[in-house]
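Trainee: What follows is coords_16.tsv, TSV, C-alpha atoms and all ligand atoms.
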```
chain	number	residue	atom	x	y	z
A	1	MET	CA	85.28	-75.51	79.92
A	2	PRO	CA	82.43	-75.30	82.39
A	3	LYS	CA	83.49	-75.71	85.98
A	4	GLN	CA	82.52	-79.09	87.40
A	5	THR	CA	81.55	-79.89	90.94
A	6	GLU	CA	84.51	-81.57	92.58
A	7	GLN	CA	82.82	-84.65	93.96
A	8	LEU	CA	80.84	-85.40	90.86
A	9	THR	CA	80.61	-89.07	90.13
A	10	ARG	CA	80.09	-90.18	86.54
A	11	ILE	CA	78.86	-93.64	85.75
A	12	THR	CA	76.93	-95.35	82.97
A	13	LYS	CA	73.29	-96.24	83.40
A	14	ALA	CA	74.18	-99.94	83.44
A	15	GLU	CA	76.69	-99.37	86.24
A	16	TRP	CA	74.16	-97.29	88.13
A	17	HIS	CA	71.56	-100.05	87.95
A	18	ALA	CA	74.11	-102.69	88.88
A	19	GLU	CA	75.13	-100.67	91.91
A	20	ALA	CA	71.49	-100.23	92.94
A	21	GLU	CA	70.95	-103.98	92.66
A	22	ARG	CA	74.06	-104.71	94.65
A	23	ARG	CA	72.91	-102.45	97.47
A	24	PHE	CA	69.19	-103.01	97.53
A	25	GLY	CA	68.45	-106.14	95.52
A	26	LYS	CA	66.77	-106.83	92.21
A	27	ASP	CA	63.46	-105.15	92.96
A	28	PRO	CA	63.71	-101.54	91.70
A	29	MET	CA	60.86	-100.54	94.00
A	30	LYS	CA	63.24	-101.10	96.93
A	31	TRP	CA	66.05	-98.97	95.54
A	32	LYS	CA	66.65	-95.93	97.73
A	33	TRP	CA	68.21	-92.53	97.30
A	34	ILE	CA	68.89	-89.57	99.51
A	35	CYS	CA	67.82	-86.04	98.67
A	36	PRO	CA	70.91	-83.78	98.52
A	37	ILE	CA	68.96	-80.96	100.15
A	38	CYS	CA	66.77	-82.34	102.91
A	39	LYS	CA	68.53	-85.75	103.25
A	40	HIS	CA	65.19	-87.50	103.05
A	41	VAL	CA	65.59	-91.14	102.08
A	42	GLN	CA	63.18	-92.13	99.32
A	43	SER	CA	62.59	-95.38	97.48
A	44	MET	CA	61.22	-96.00	94.02
A	45	GLN	CA	58.08	-97.15	95.78
A	46	ASP	CA	57.78	-93.78	97.55
A	47	TYR	CA	57.84	-91.96	94.21
A	48	LYS	CA	55.26	-94.32	92.80
A	49	ASP	CA	53.01	-93.91	95.82
A	50	ALA	CA	53.30	-90.13	95.58
A	51	GLY	CA	52.37	-90.23	91.89
A	52	ALA	CA	55.70	-89.04	90.45
A	53	GLU	CA	56.80	-90.02	86.94
A	54	THR	CA	59.71	-92.44	86.56
A	55	GLU	CA	62.03	-89.81	85.12
A	56	ASN	CA	61.85	-87.92	88.39
A	57	VAL	CA	62.99	-90.82	90.50
A	58	ALA	CA	66.33	-89.98	92.17
A	59	PHE	CA	66.22	-86.64	90.34
A	60	SER	CA	63.75	-84.44	92.20
A	61	CYS	CA	62.78	-84.82	95.85
A	62	VAL	CA	59.64	-86.91	96.35
A	63	GLY	CA	58.31	-84.02	98.46
A	64	ARG	CA	57.33	-82.29	95.21
A	65	TRP	CA	54.47	-84.75	94.95
A	66	ILE	CA	53.56	-84.74	98.63
A	67	GLU	CA	51.38	-81.99	99.93
A	68	GLY	CA	52.78	-79.96	102.80
A	69	SER	CA	56.42	-80.79	102.11
A	70	LYS	CA	58.94	-78.22	103.20
A	71	GLU	CA	60.29	-75.78	100.65
A	72	ALA	CA	63.78	-76.65	99.44
A	73	PHE	CA	66.40	-74.05	100.44
A	74	LYS	CA	63.86	-71.98	102.39
A	75	THR	CA	62.34	-73.93	105.22
A	76	LYS	CA	64.41	-75.80	107.78
A	77	GLY	CA	63.38	-79.08	109.29
A	78	LYS	CA	62.63	-82.58	108.19
A	79	GLY	CA	62.08	-83.55	104.57
A	80	PRO	CA	60.86	-84.45	102.10
A	81	CYS	CA	61.18	-81.12	100.31
A	82	THR	CA	60.34	-79.51	96.99
A	83	TYR	CA	63.83	-79.73	95.48
A	84	ALA	CA	63.83	-80.17	91.69
A	85	GLY	CA	66.89	-81.71	90.02
A	86	GLY	CA	66.35	-79.60	86.93
A	87	GLY	CA	65.79	-76.36	88.79
A	88	LEU	CA	67.98	-73.35	89.44
A	89	PHE	CA	70.27	-75.18	91.87
A	90	ARG	CA	71.49	-78.42	90.39
A	91	LEU	CA	73.06	-80.30	93.22
A	92	ASN	CA	72.57	-83.93	92.30
A	93	PRO	CA	75.93	-85.61	92.96
A	94	ILE	CA	75.82	-88.42	90.38
A	95	THR	CA	75.92	-88.06	86.61
A	96	VAL	CA	74.44	-91.04	84.83
A	97	VAL	CA	75.30	-91.53	81.16
A	98	GLY	CA	72.74	-93.43	79.11
A	99	GLU	CA	73.43	-95.76	76.16
A	100	ASP	CA	72.63	-92.88	73.82
A	101	GLY	CA	75.20	-90.69	75.55
A	102	LYS	CA	72.52	-88.57	77.15
A	103	GLU	CA	73.35	-87.49	80.65
A	104	ILE	CA	71.06	-87.19	83.63
A	105	THR	CA	71.93	-86.34	87.20
A	106	ALA	CA	70.83	-88.35	90.18
A	107	PHE	CA	70.76	-88.42	93.95
A	108	ALA	CA	73.31	-90.49	95.81
A	109	PHE	CA	72.14	-93.90	96.95
A	110	ALA	CA	70.90	-94.13	100.48
A	111	ASP	CA	73.38	-96.56	101.87
A	112	PRO	CA	72.48	-98.59	104.91
A	113	ASP	CA	74.74	-101.48	104.00
A	114	PRO	CA	77.86	-100.72	101.97
A	115	LYS	CA	79.52	-104.03	101.17
A	116	PRO	CA	83.34	-104.17	100.96
A	117	LEU	CA	83.12	-104.12	97.16
A	118	SER	CA	82.38	-100.41	97.24
A	119	LEU	CA	84.84	-98.15	95.43
A	120	SER	CA	85.37	-95.94	98.44
A	121	GLU	CA	86.23	-98.83	100.71
A	122	GLY	CA	89.57	-99.90	99.27
A	123	ALA	CA	91.07	-100.79	102.63
A	124	THR	CA	88.30	-103.16	103.59
A	125	LYS	CA	88.41	-104.69	100.14
A	126	ASP	CA	92.14	-105.40	100.38
A	127	ILE	CA	91.64	-107.23	103.62
A	128	GLN	CA	88.81	-109.24	102.12
A	129	ASP	CA	90.94	-110.05	99.05
A	130	ALA	CA	93.79	-111.25	101.22
A	131	GLU	CA	91.39	-113.50	103.09
A	132	ASP	CA	90.05	-114.87	99.83
A	133	ARG	CA	93.55	-115.63	98.56
A	134	LYS	CA	94.39	-117.48	101.76
A	135	VAL	CA	91.37	-119.67	101.28
A	136	LEU	CA	92.22	-120.28	97.64
A	137	LYS	CA	95.80	-121.25	98.43
A	138	SER	CA	94.72	-123.85	100.91
A	139	ILE	CA	92.37	-125.36	98.34
A	140	GLU	CA	94.42	-125.11	95.14
A	141	PRO	CA	97.22	-127.67	95.77
A	142	LYS	CA	94.74	-130.43	96.41
A	143	SER	CA	93.11	-130.03	93.02
A	144	GLU	CA	96.52	-130.23	91.33
A	145	GLU	CA	97.82	-133.32	93.11
A	146	THR	CA	97.04	-135.72	90.30
A	147	PRO	CA	96.93	-133.81	87.04
A	148	PRO	CA	95.99	-135.91	84.04
A	149	CYS	CA	99.23	-134.97	82.34
A	150	PRO	CA	101.33	-137.59	80.47
A	151	THR	CA	104.55	-135.62	80.78
A	152	ASN	CA	104.33	-135.58	84.54
A	153	PRO	CA	107.70	-136.90	85.78
A	154	PRO	CA	107.46	-139.79	88.29
A	155	SER	CA	108.56	-138.74	91.71
B	201	ZN	ZN	64.35	-83.15	99.60
```
What does this structure look like when you write it as structure tokens?
Mentor:
Amino acid sequence: MPKQTEQLTRITKAEWHAEAERRFGKDPMKWKWICPICKHVQSMQDYKDAGAETENVAFSCVGRWIEGSKEAFKTKGKGPCTYAGGGLFRLNPITVVGEDGKEITAFAFADPDPKPLSLSEGATKDIQDAEDRKVLKSIEPKSEETPPCPTNPPS
């Protein structure tokens, strides 16, 4: 068995897209990822503007298509860089499994606004759930006060 990176996340393409929509909205051009090497945040729009092909989005750093970008692994400083997801060092943290079972790797989402639904935020979610239940409880009895049920015993 090949050794896997510990923090590797594996999701289906549908889940990946759903997560992107949840974080950034329906417009794919506004979806954003972070380069694992230079930490440069790049959107689908940035790739498009730089002239990169769709298959490179969230896979190779957008700096590959921008002249004067710093060299991945060699030059320090601000990104974007020339990191290639399919190169010698494969450090993309997410594995995305397509409908055909084909796997690609991807950058992590840039995450300015993680909502409490996020997998890693269990604690926040529990609190939110408890709040939701409280609200439900205070609403539920009212809707059941007069059920249209013939076997309802007279009180
Ligand atoms: Zn980069």
Trainee: For ligand ZN 201 (chain B), list the contacting residues at 12 Å or closer, counting all atoms listed in the file, as a ChimeraX atom specification.
Mentor: /A:33-42,57-66,69-85,91-92,107
Trainee: In Å, how far is it from CA of Ser43 in chain A to CA of Ala18 in chain A?
Mentor: 16.1 Å
Trainee: Rounded to one decimal in Å, what is the spacing between CA of Met29 in chain A and CA of Gly68 in chain A?
Mentor: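 For CA of Met29 in chain A relative to CA of Gly68 in chain A, the distance reads 23.8 Å.
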Trainee: In Å to one decimal, how far is CA of Met44 in chain A from CA of Trp31 in chain A?
Mentor: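 These atoms are spaced 5.9 Å apart.
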